[in-house]
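Engineer: My questions all concern the structure below.
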Amino acid sequence: MINISSIHIERQKIAVLNILKEVPSNEQISLRIISVKAKLPKQDTEIIIRDLLKEFRELGKYYELEQTFIRLDSTSSAIDDLLRKYETTSKELKN
Amino acid sequence: MRFNNLREKKFKIIVLVLFVLFLIQLSESKIYFSTENNKQISKEITSDSITLEAYWEFNFNKTAHTMEPTIIDIDQDKEVEIIINLNNLIYCLDSKGKIEWISEIYSESSPTVADLNGDGFMEIISCDEREISCLNKEGKVIWQYELGVIDRAETYSATIADINDDKKSEIIIYSEDLFCLDYAGNIIWKVDFEYEDNYVFCETPAIADINNDQELEILIGTSKKGIYCISNEGDVIWRKFSNTDFKWCTPTITDLENDNEIEILISDGSNSIYCLNSTGDILWTQELGSLIDHFSQIAIGDLDCDGFKEIIFSDYRLICYNYNGSLRWSYFDELESGFSYNPPVLADLNGNGKLEIIIANWAVLRNTALLYCFDEQGNVICKYRILNDTFEGAPTVVDINDDDLLEIIISTEKKLYAFKLNGVSNSGKQSWYCYKGSTFQTGNIDSDSDYIDDLTEKYYQTNPNESDTDQDGFLDGYEIQVGLDPKSDDKLLDRDGDLLDNENEIKYYHTSIFLRDTDGDGLTDGQEIIGIGTDPLNPDTDGDGKNDGLELERGTNPLKWDNYIRIFSVYALPLYFIVAMIPIIVVIQKRVKRNKERKVQLRELDLENHNSLLEECKTFIEDKNYIEAEKRLWSAQVLGFESELYNKYAQKIHQLKEEARKRKDEIAEPLVLEGEKLLAEKKYEQALTKLNQALDFVPKHEKANKLVLLIELKLQNIRSVLEITKYFQPHIQTEVERIAELTNLTINETQEAIEKILQEEQIIGSYDVKEQIFIRSDETTNAIDKLLKRFFEVEEKAQGKKS
């Protein structure tokens, strides 16, 4: 049986990661801008960011009160790995 | 040409002959209503031995509609009374023409009078189209009966007779339906003539034993429904002329042919007189040829004492027929024509044993009232003329002053006259002396003037030529009415068994001969008169509130005012209360007086205070201290005095207040404007200071208050932003949108607040206006707290000032 919800979450994570990948290191970006670019609701985006940070702490830092995200240095390859992982999982789930 | 002349001459001769013939015809027919029977016209006055003179006159003081008077002794005071309908009110006059009473009931008929309840006094029956009223001898209503007919009937007089032989009189009246009431006004029966929507002309019914069955029948000529003969129980015996459209006069019932069979004389109101037999079949008819519609009652009497009655009738003429219907004579006054509807009456005025005819004329053309007296041959024996007046109805001929001479009582539109006869030493009988023959209006002849007509006398087997058949001192008619036997001397009998004979009851005590206890006090009339001495007509002779019979039963004296309970309750008790109340009243009066004095003293003190307060007020006004002046004035007002001085000071205080207000406005306005300007520059504290200054002068300054409120709101916004800023991480960007979200403010409000914060304490952080991003600096908590405290104080200040 296909878990449509899981596929959807994987896709959202992929969308957010693709945005974060583009953010320069040590640059601050607001949750609003990430959600606009990822074409996701603000609340969903915030949940995705929290999930991503749980999986990969070195990805950056998220300030919840200010709703601001800062990407740390040398995380591009790690983001790519994550992207690949999610895409594979997504495909698997789809199949 | 010659031929033409001849023809012309012939034509002229013919015209001339025709003209002469026309003149002859005109001279012969100068009486417009000439008929074949009317051969004897314009009789000469053959006797001037009798003259009429007004005995008295009762002046109406206005033109009035009157009807035939009824004359009878209604109160047994040995003097007759004259009862007459005058302008729809019943008047009772004494025999000298003075008013005794006027009844308040509305009446449209000639009154009929009879002793209905046998108390020795006469009752008066009067009617209009809605009700029948029974009045006592003082004109007070005893009872009234609602006819309950639709308001389209013209009601005439009632007829009174004992139709069911119960020794009490019944009242018969025709008003759309025929009603029979008992003496107390209760309906016995009613005949419905089934009128629908046409207007009904109602005449008085006649009563007699028509078919010799020893029971009285009622004869009525109804409006357009024919003539009815109705039994004494209200059943129709026969009906004639049912298909005609006639209106009938009251029938006259008599035995014309002296054959012990009655004949009925009736006129259809315009053209004919009919003589009917007892079954309603026509015996003979006389065409009248009248051109006027009238309802004169037919009078009958043996004018010449030949044993046969003559029939006297009036239309525009006075006509006398023999008993068999042949014309005896007729009279027409060619100069003063028109007897109209006034019926004739018959009486022996001059005592010659023959009846004279008295009739009121109506000289239309000359507006003159004429009263004629004719002898039995139709000769005018006297004539009385009243200019500019009109006779109303028939005369009544009776002896009103007990001088053995008859008087003629008749009304005109302006006066009621009583005429006396001059040149006459004594008068004789009056057999048809009033409207419809007799007082009870039965439509029959009353030869012996005993209040009962001859036919009814026959029914009761009394002598029609003897007014008191049994010689017991009571007239036959009266005896029959009150339930006595007119054929035997029953004056000494005691009909009701109260130990009083009938004569004494009727003549002297006026108690009822039907009731043992007339006044209903539990004692018989005899007991009261003979035994105790109390008044049989008053249940409480001594007027002490206790019934005579009850007093006797309880052992008190019915002749003495001895109702001690009444004395106690009516007099003693109230007196006791009054006496007992005197000391209390005195004490109350003293207290009231003392209170009044105290009040006066207090009032004087108050006045002094009032004046001194006003003095103080005046001083404050002079010092322009209107607040203190107003306080004094209020205090002075509370004391309840009003003076010119008070009003004057109130006015002055008002002026002072106005002046002060103006001054304040002048000062406050620039301060408010300045405050507004500073607010625009976001200099909230300075703005608040200015506005507060303005509010000091004018606390209710609308604009200043609004601006203070605005500042307060802005300060609240700043405080909200500052509060959240405290928790931001240094150097981390926060979008204005996020701050607005956290503080529940709009983006503009948030921006404004951030700008104001940075304006006051730049150290707190930085703000990128373009990106709308705020970044907090390092270690700024103290600065934020300091600012928070400052704005809190300002805000408090603002809250305290605003109104």
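Just so we're on the same page: first chain in the structure tokens is A, next is B, and so on; residues restart at 1 for each chain, and ligands are numbered from 1 in the order they show up.
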Find the spatial neighbours of range 62-75 of chain A, counting only C-alpha atoms, within a cut-off of 9 Å - ignore same-chain residues fewer than 5 positions away - and output them as a list in words.

Structural biologist: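 The neighbour list is Leu20, Lys21, Val23, Pro24, Ser25, Asn26, Glu27, Gln28, Ile29, Ser30, Leu31, Arg32, Glu46, Ile49, Arg50, Leu53 and Asp80 of chain A; Tyr727, Phe728, Gln729, Ile732, Gln733, Thr734, Glu735, Arg738, Ile739 and Leu742 of chain B.
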
Engineer: Taking 4 positions as the minimum chain separation for residues in the same chain, which residues sit within 6 Å of range 464-466 of chain B when counting only C-alpha atoms? Answer as a ChimeraX atom specification.

Structural biologist: /B:447-448,454,457

Engineer: Leaving out Ala636 in chain B and any residue of its chain fewer than 5 positions from it, which residues lie within 8 Å of it when counting only C-alpha atoms, given as a PyMOL selection string?

Structural biologist: chain B and resi 609-611+613-614+641

Engineer: Here is a test: counting only C-alpha atoms, which residue of A:Lys42, A:Lys91, A:Lys13, A:Lys54 is nearest to chain B?

Structural biologist: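 For chain B, the nearest of the candidates is A:Lys42.
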
Engineer: Would you list the contacts of range 751-766 of chain B as a PyMOL selection string, taking every protein, DNA or RNA residue within 6 Å and counting only C-alpha atoms, but skipping same-chain residues closer than 2 positions in sequence?

Structural biologist: chain B and resi 718+748-749+774-777+780

Engineer: For Ile48 in chain A, list every protein, DNA or RNA residue within 8 Å, evaluated using only C-alpha atoms, and leave out those in the same chain fewer than 3 positions away; present the list as a VMD selection string.

Structural biologist: chain A and resid 12 to 13 16 44 to 45 51 to 52

Engineer: Limited to N, CA and C atoms, could you put the picked residues into a file as an mmCIF file, in the first residue's frame?

Structural biologist:
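Everything below was put into again-v5.cif:
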data_model
loop_
_atom_site.group_PDB
_atom_site.id
_atom_site.type_symbol
_atom_site.label_atom_id
_atom_site.label_comp_id
_atom_site.auth_asym_id
_atom_site.auth_seq_id
_atom_site.Cartn_x
_atom_site.Cartn_y
_atom_site.Cartn_z
ATOM 1 N N GLN A 12 8.216 17.674 0.275
ATOM 2 C CA GLN A 12 8.334 18.983 0.932
ATOM 3 C C GLN A 12 9.769 19.186 1.442
ATOM 4 N N LYS A 13 10.331 18.160 2.009
ATOM 5 C CA LYS A 13 11.709 18.241 2.523
ATOM 6 C C LYS A 13 12.663 18.554 1.371
ATOM 7 N N VAL A 16 12.331 22.212 0.455
ATOM 8 C CA VAL A 16 12.983 23.117 1.428
ATOM 9 C C VAL A 16 14.502 23.001 1.316
ATOM 10 N N ASP A 44 3.947 24.663 7.810
ATOM 11 C CA ASP A 44 4.518 23.404 7.281
ATOM 12 C C ASP A 44 6.029 23.545 7.103
ATOM 13 N N THR A 45 6.421 24.715 6.603
ATOM 14 C CA THR A 45 7.835 24.966 6.354
ATOM 15 C C THR A 45 8.622 24.876 7.670
ATOM 16 N N ASP A 51 12.336 19.227 11.409
ATOM 17 C CA ASP A 51 12.637 17.809 11.103
ATOM 18 C C ASP A 51 14.047 17.649 10.488
ATOM 19 N N LEU A 52 14.321 18.570 9.581
ATOM 20 C CA LEU A 52 15.631 18.502 8.899
ATOM 21 C C LEU A 52 16.762 18.703 9.904
#

Engineer: Based on the backbone DSSP call, show me all residues of range 362-570 of chain B assigned helix (DSSP H, G or I), as a PyMOL selection string.

Structural biologist: chain B and resi 454-459+476-482+502-509+525-532+548-554+564-570

Engineer: Give me, as a VMD selection string, all polymer residues having an atom no more than 7 Å from Cys382 in chain B, counting only C-alpha atoms and skipping those fewer than 6 positions away in the same chain.

Structural biologist: chain B and resid 48 50 to 51 372 to 373

Engineer: Mind dumping the selected residues with N, CA and C atoms as a CSV table (one decimal), in the first residue's frame?

Structural biologist:
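And here is the file that came out, out.csv:
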chain,number,residue,atom,x,y,z
B,48,ASP,N,-130.3,81.3,17.2
B,48,ASP,CA,-129.2,81.9,17.8
B,48,ASP,C,-129.4,82.0,19.4
B,50,ILE,N,-128.3,79.8,21.5
B,50,ILE,CA,-127.1,79.3,22.2
B,50,ILE,C,-125.9,80.1,21.7
B,51,THR,N,-125.2,80.6,22.6
B,51,THR,CA,-123.9,81.2,22.2
B,51,THR,C,-122.8,80.5,23.1
B,372,TYR,N,-118.7,74.4,15.4
B,372,TYR,CA,-120.1,74.5,15.0
B,372,TYR,C,-120.9,73.6,16.0
B,373,CYS,N,-122.1,74.1,16.2
B,373,CYS,CA,-123.1,73.2,16.9
B,373,CYS,C,-124.3,73.2,16.0

Engineer: Report, in Å to a single decimal, how far apart CA of Leu550 in chain B and CA of Ile565 in chain B are.

Structural biologist: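 Result for CA of Ile565 in chain B versus CA of Leu550 in chain B: 14.3 Å, one decimal.
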
Engineer: Nearest residue to chain A out of B:His731, B:Lys240, B:Lys546, B:Arg663, using only C-alpha atoms?

Structural biologist: B:His731

Engineer: Can you tell me which residues surround Ile410 in chain B at a distance of at most 7 Å, considering only C-alpha atoms, apart from same-chain residues fewer than 5 positions away, and format the answer as a VMD selection string?

Structural biologist: chain B and resid 394 to 396 416 to 418

Engineer: For the residues selected in the previous step, produce a file with C-alpha atoms as a PDB file, in the first residue's frame.

Structural biologist:
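Contents of selection-v4.pdb, as written:
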ATOM      1  CA  ALA B 394    -112.539  66.299  18.281  1.00  0.00           C
ATOM      2  CA  PRO B 395    -114.097  68.187  21.188  1.00  0.00           C
ATOM      3  CA  THR B 396    -115.043  66.494  24.438  1.00  0.00           C
ATOM      4  CA  LEU B 416    -106.908  74.513  25.080  1.00  0.00           C
ATOM      5  CA  TYR B 417    -110.374  76.007  25.386  1.00  0.00           C
ATOM      6  CA  ALA B 418    -113.250  75.228  27.698  1.00  0.00           C
TER       7      ALA B 418
END

Engineer: Grab the CA of Phe374 in chain B to CA of Ile358 in chain B distance for me, in Å with one decimal place.

Structural biologist: 6.5 Å

Engineer: Quote the spacing between CA of Asp562 in chain B and CA of Glu505 in chain B in Å to one decimal place.

Structural biologist: 29.2 Å

Engineer: Hey, which of B:Ser635, B:Asn258, B:Asn117, B:Gln655 ends up closest to Leu515 in chain B? Count only C-alpha atoms.

Structural biologist: B:Asn117

Engineer: From the list A:Lys61, A:Ser76, A:Leu40, A:Tyr86, which residue is nearest chain B when using only C-alpha atoms?

Structural biologist: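 For chain B, the nearest of the candidates is A:Lys61.
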
Engineer: Once DSSP has gone over the backbone, tell me which residues of chain A are in strand (DSSP E), as a list in words.

Structural biologist: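 Filtering chain A to strand (DSSP E) leaves Gln28, Ile29, Ser30, Gly60, Lys61, Tyr62, Tyr63, Thr68, Phe69, Ile70 and Arg71 of chain A.
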